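Engineer: For reference, the structure I am asking about is given below.
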Amino acid sequence: MGSRVEILNEGGFRSDGRRQYELREVTIDLSQQGQADGAAVITHGLTRVMVSVFGPREAKSRSQTIHDRANINVEVAISPFSAGERRKRSRGDKRILEMAATIKSTFEPVVQTTLYPRSQIDIFVQVLQQDGGLLQACINATTLALVNAGIPLLDFVCAVSGGVSSTSPMLDLTLLEENDLPNLTVAVMPKTGKSTLVTMETRLHVDRFEEIFKLVCSASQALHQEMKDAVRLRTMSLVTAMGTVQSNVGGDTMMDES
Amino acid sequence: MITFTSFPSTPAGEYDAVGHHHETDNEMEVDLDDDDLSSDGLRLTLPGDYLTSSQAFMRGHGTYVHEDQVVASVAGTVERVNKLITVRAIRTRYNPEVGDLVVGRITEVQPRRWKVDANSRQDAVLMLSSVNLPGGVQRRKLESDELQMRNFFEEGDLLVAEVQAFFSDGAMSLHTRSLKYGKLRNGQLVIIPPILVRRLKSHFITLPCGVDLILGLNGYIWVSRHIKASDQAGEEGFDAEAVYSNQNDDIDEPTRGAIARVANIIHVLAAHFVPLTDTILLEAYEWSVEQEEAHKGLFQEDIAEALVASLHSRS
């Protein structure tokens, strides 16, 4: 533990002024991005991820078609300017490929792929800023983008990271905390409480695991509420936009039968 | 903004509640027994929302059954027809139905068929046997036709067609066996969300400004120069040269301006999620002609909003 910064000070505050169980500020933008079928930008504090979803659409190559369900294709790109140190990562970077595979396996049991045989759903993840909790931001943004694209999901998927500083568990770690603490990321389907992903890259004492896991699961409920509100607001605004002008459409009008 | 209030000295029992959370989180449950549901259709759901019991109701599109409950799987509006519950997603790909008019783009030429991108979940299929061949509407297709398929449609060509049938895997089959259908030229393609195109009596619209519109139900809209009805090939005069031509006619300056203006208006209306009809387009066109500065700046946010506001005020 070579950190000079106190992870949790005596007053119970963390380096960015949060308390142990406090999540960072979340903002969600669901507006249309180019020609994507669905898109979402989510920020967790200083971490910001944009996801665009295309599909379900015709698979690019015949080898990628699955005859009884849709193929989910995830591509992750990390902007060179997103981290403190400028660093260009190639698309073939093992870490990036692993993250794409993690996101794919998180969503495969949630997306109703059997409804779209022989199609492909493309998920493009673009990391714009990173300050810890990268995977949770990617998963949350992907959920929102899929919902926005009208792709049937069994439930939302809400991911939150958690760690433990000596004996005190904490939620939603920043990069600073992530580097110093044993941590894990959990993706939960909040309605049923089932988790579709538990991942850990550091060593965590087995006695601490259950406590943190349950804490993270309950934190995802708070995040779920936030995501639901954002989607409901967006859906409502689109429905009202369609409705307001619609009122004068009702009657049929003259039309050139050509 | 989002503060996750801590669990100071939470009893261990509190955590156990998480697993059965849905039992308490029923405030979102939609009461389908009330009759007010069917009328306004403004009941919003999100994925994972419980709608009703699966014993009393049937599940339709956009729902699934979990533990004897009908659950929504998309974000959108709930619709009910008798005992059938469906959720219509607000933004989604085109869901084809037989008889729909679509605009598409050829993506691939295969043996005896073309693949057509029509904004659906799979590419549509246009069989060689379901296009009008040169030399008469009723004619047997020959081997020579198979060899010169690229003379009819090439990769990248745009066409207007009708949904004829579905294959077993859900892909749609198109046909262009009408003089109204076929290859498109003399215009511009505009893509909007399919939900904004309503089913109309006719999807071929002629605006008085000398612009023809084809509103594909798949959200692809073709804006082109007006073709006089007399110029269209008559029943006997099926002119293969003209129908499968790749050459644009000369279009004069005012018509080009009108086409561009209509295309821009459609873009603006789609960005504000206004459903398209000919009356709305016409009003918007008149408005943009009145506002001289809008000629240049339809895409400027304030002018676009003024346009949409003017439509609201007229309705």
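Just so we're on the same page: first chain in the structure tokens is A, next is B, and so on; residues restart at 1 for each chain, and ligands are numbered from 1 in the order they show up.
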Which chain A residues are at most 8 Å from chain B (counting only C-alpha atoms), as number ranges by chain?
Structural biologist: A: 20-26, 37-38, 55-59, 116-119, 147-156, 190-194, 214-215, 217-219, 222, 226, 228, 231-232, 235-236, 238-239, 241-242, 244-249, 253, 255-258
Engineer: To one decimal in Å, tell me the separation between atom CA of B:Phe152 and atom CA of B:Asp250.
Structural biologist: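 Calculated distance between atom CA of B:Phe152 and atom CA of B:Asp250 is 21.7 Å.
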Engineer: Got a sec to tell me which of stretch 5-228 of chain A DSSP assigns to strand (DSSP E or B), as a PyMOL selection string?
Structural biologist: chain A and resi 8+13-14+19+26-29+38-44+47-58+66+69+71-78+111+119-129+153+158-165+168-171+183-189+194-200
Engineer: One decimal, in Å: what's the spacing between atom CA of A:Gln126 and atom CA of A:Ser79?
Structural biologist: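 Distance between the two atoms: 7.1 Å.
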Engineer: Give me the residues within 8 Å of A:Ala77 as a VMD selection string, counting only C-alpha atoms and dropping any in the same chain fewer than 3 places off.
Structural biologist: chain A and resid 91 96 124 to 127
Engineer: Please identify all polymer residues within 7 Å of A:Ile72, counting only C-alpha atoms, omitting same-chain residues fewer than 3 positions from it, and present them as a ChimeraX atom specification.
Structural biologist: /A:104,120-122
Engineer: Would you write out those residues with N, CA and C atoms, as a PDB file, in the first residue's frame?
Structural biologist:
```pdb
ATOM      1  N   LYS A 104     -20.077  -8.919 -23.718  1.00  0.00           N
ATOM      2  CA  LYS A 104     -20.896  -9.829 -24.523  1.00  0.00           C
ATOM      3  C   LYS A 104     -21.522 -10.918 -23.660  1.00  0.00           C
ATOM      4  N   GLN A 120     -27.747  -9.905 -36.486  1.00  0.00           N
ATOM      5  CA  GLN A 120     -26.588  -9.511 -35.698  1.00  0.00           C
ATOM      6  C   GLN A 120     -26.906  -8.217 -34.981  1.00  0.00           C
ATOM      7  N   ILE A 121     -26.508  -8.122 -33.724  1.00  0.00           N
ATOM      8  CA  ILE A 121     -26.679  -6.885 -32.960  1.00  0.00           C
ATOM      9  C   ILE A 121     -25.282  -6.359 -32.674  1.00  0.00           C
ATOM     10  N   ASP A 122     -24.984  -5.184 -33.197  1.00  0.00           N
ATOM     11  CA  ASP A 122     -23.659  -4.600 -33.006  1.00  0.00           C
ATOM     12  C   ASP A 122     -23.696  -3.604 -31.861  1.00  0.00           C
TER      13      ASP A 122
END
```
Engineer: According to DSSP computed on the backbone, where in stretch 12-250 of chain A is there alpha helix (DSSP H)? Give the residues as a PyMOL selection string.
Structural biologist: chain A and resi 94-107+134-148+175-180+206-246
